[in-house]
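Undergrad: Once you've had a glance at the structure underneath, I'll fire off some questions.
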Number of protein chains: 2
Amino acid sequence: MANEEPAKRRGRGRRPSDEVRQEILAAAGDLLLREGMAAFTIEKVATLAGASRMTIYKWWPSKGALAFDGYRATVEPTLAFPDTGDLTADLRTQLHAFVRLLTETPAGRVMAELIGQAQTDPELRASLLEHYTVPRRERAAEVMRRAQERGQMRADADPQVVVDQLWGACYHRLLTPDHPLTVEFADALVDNVLRGVAA
Amino acid sequence: MANEEPAKRRGRGRRPSDEVRQEILAAAGDLLLREGMAAFTIEKVATLAGASRMTIYKWWPSKGALAFDGYRATVEPTLAFPDTGDLTADLRTQLHAFVRLLTETPAGRVMAELIGQAQTDPELRASLLEHYTVPRRERAAEVMRRAQERGQMRADADPQVVVDQLWGACYHRLLTPDHPLTVEFADALVDNVLRGVAA
């Protein structure tokens with residue numbers, strides 16, 4: 001398959017290591033979003049990326065590790081964390097992109113199924129945390145820590161808790177979908193957690 | 001099995017319908033928390049409750065429906081929603097009980113696995129929503145609506161969004177456990193959402 005698309009790759013062995021790594025990640029993310037975890041195999045990723053399975057195992061110890069790292073790499077551009085200096089606007093922008101990714105692309109169903117499967121698969125759970133949850137959480141917390149330094153957020157509020165009250169609240173509506181996951185919901189999340197709901 | 005424990009039940013057919021229903025629910029909840037969903041069958045519940053499978057199917061269309069309804073009935077006393085007139089104290093009390101149930105009893109692992117399985121099992125998902133998520137969500141929202149009537153919570157804040165920012169945030173730490181689910185976390189959730197984190 002990969003040899004039928006020579007324009008998409010150069011001869012094996014001539015590509016710099018970092019380029020090979022990026023192509024593997026892109027192939028993994030594409031395959032995961034197109035076909036879901038049930039159809040995801042290291043062999044398919046190897047074929048799509050024009051790399052050997054041995055190369056893949058050198059960098060990723062398991063299918064789950066590769067899947068989540070590919071997912072993260074693929075959604076990263078969509079899910080950038082802006083830091084314009086306006087915390088409210090930045091949180092809204094990021095959450096809108098996040099909600100749209102989950103509701104308007106296959107990413108929502110894929111993530112729901114992966115989080116679901118991770119509940120009974122310890123290796124997949126470890127991959128999810130290491131390659132997706134922890135780095136994404138850290139990026140979000142970093143934006144809030146800078147807002148604290150600018151005096152826009154209370155110094156005694158824990159950014160990690162706010163992560164659960166914004167992105168975690170969205171995952172709640174993704175996983176137990178009795179109420180709609182919308183950009184209006186995202187705006188209400190930001191408003192509640194910044195202003196507080198007490199009268 | 002049931003016939004070996006005559007003290008625990010009266011003769012079949014003599015029990016009032018509501019009592020039979022309660023015994024089935026209790027048996028279902030006990031079995032689920034003791035052995036998890038993998039070992040949960042309608043036949044076992046029937047034996048434990050001294051009821052026929054036909055009686056069970058009269059009230060619950062599927063295994064999932066019975067499991068979630070039994071779970072709800074079993075945890076209901078632990079997870080009551082107090083309404084003393086002090087919204088902050090009431091939310092803390094309820095969330096502490098909720099966090100302790102999820103972290104100190106098998107309920108946390110059972111719920112994580114059920115929510116997980118519900119991502120690829122539409123019938124289980126429908127049962128989860130109908131028999132657990134929706135009624136629990138409604139009880140929480142009702143407590144907040146009364147707080148709004150007392151003037152303790154902004155009238156323009158949507159109680160349903162706050163549900164996702166309190167209980168949904170706890171589920172986030174249950175399902176993607178990279179940060180600890182504790183009563184201190186629960187207190188921070190309540191504080192953030194009531195006071196707001198903006199400086």
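Each chain in the structure tokens gets a letter, A, B and so on, in the order shown; residues start at 1 in every chain, and ligands are counted from 1 in the order they appear.
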Please, which residues of chain A lie no more than 8 Å from chain B when the count uses only C-alpha atoms, and can they be set out as an NGL selection string?

TA: :A and (112-113 or 115-120 or 125 or 128-129 or 133-134 or 151-155 or 157-158 or 161-162 or 164-166 or 168-173 or 175-178 or 185 or 188-189 or 192-199)

Undergrad: Within 12 Å of A:Pro61, counting only C-alpha atoms, which residues show up once you throw out same-chain ones fewer than 5 positions away? Write them as a short mmCIF file (atom, residue, chain, number, x, y, z; two decimals) with C-alpha atoms, in the first residue's frame, please.

TA:
data_model
loop_
_atom_site.label_atom_id
_atom_site.label_comp_id
_atom_site.auth_asym_id
_atom_site.auth_seq_id
_atom_site.Cartn_x
_atom_site.Cartn_y
_atom_site.Cartn_z
CA ILE A 42 0.56 -1.61 14.74
CA ARG A 53 7.08 -2.66 13.11
CA MET A 54 10.46 -2.85 14.84
CA THR A 55 10.89 0.91 14.43
CA ILE A 56 7.48 1.48 15.96
CA LEU A 66 0.91 4.43 19.94
CA ALA A 67 -2.84 5.08 19.59
CA ASP A 69 0.23 9.41 21.21
CA GLU A 123 -2.18 -1.10 29.92
CA LEU A 124 -4.54 1.04 27.84
CA ALA A 126 -1.62 3.74 31.57
CA SER A 127 -1.17 4.80 27.92
CA HIS A 131 0.27 10.02 26.39
#

Undergrad: With distances taken over only C-alpha atoms, which residue among A:Gly108, A:Glu76, A:Leu101, A:Gln94 lies nearest A:Pro135?

TA: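 Using only C-alpha atoms, A:Pro135 sits closest to A:Glu76.
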
Undergrad: Which RMSD value, in Å, follows from superposing chain A onto chain B on all C-alpha atoms in order by least squares?

TA: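 Rounded to one decimal, the C-alpha RMSD is 0.2 Å.
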
Undergrad: What does the distance from atom CA of A:Gly85 to atom CA of A:Arg136 come to in Å, to one decimal?

TA: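 Result for atom CA of A:Gly85 versus atom CA of A:Arg136: 19.5 Å, one decimal.
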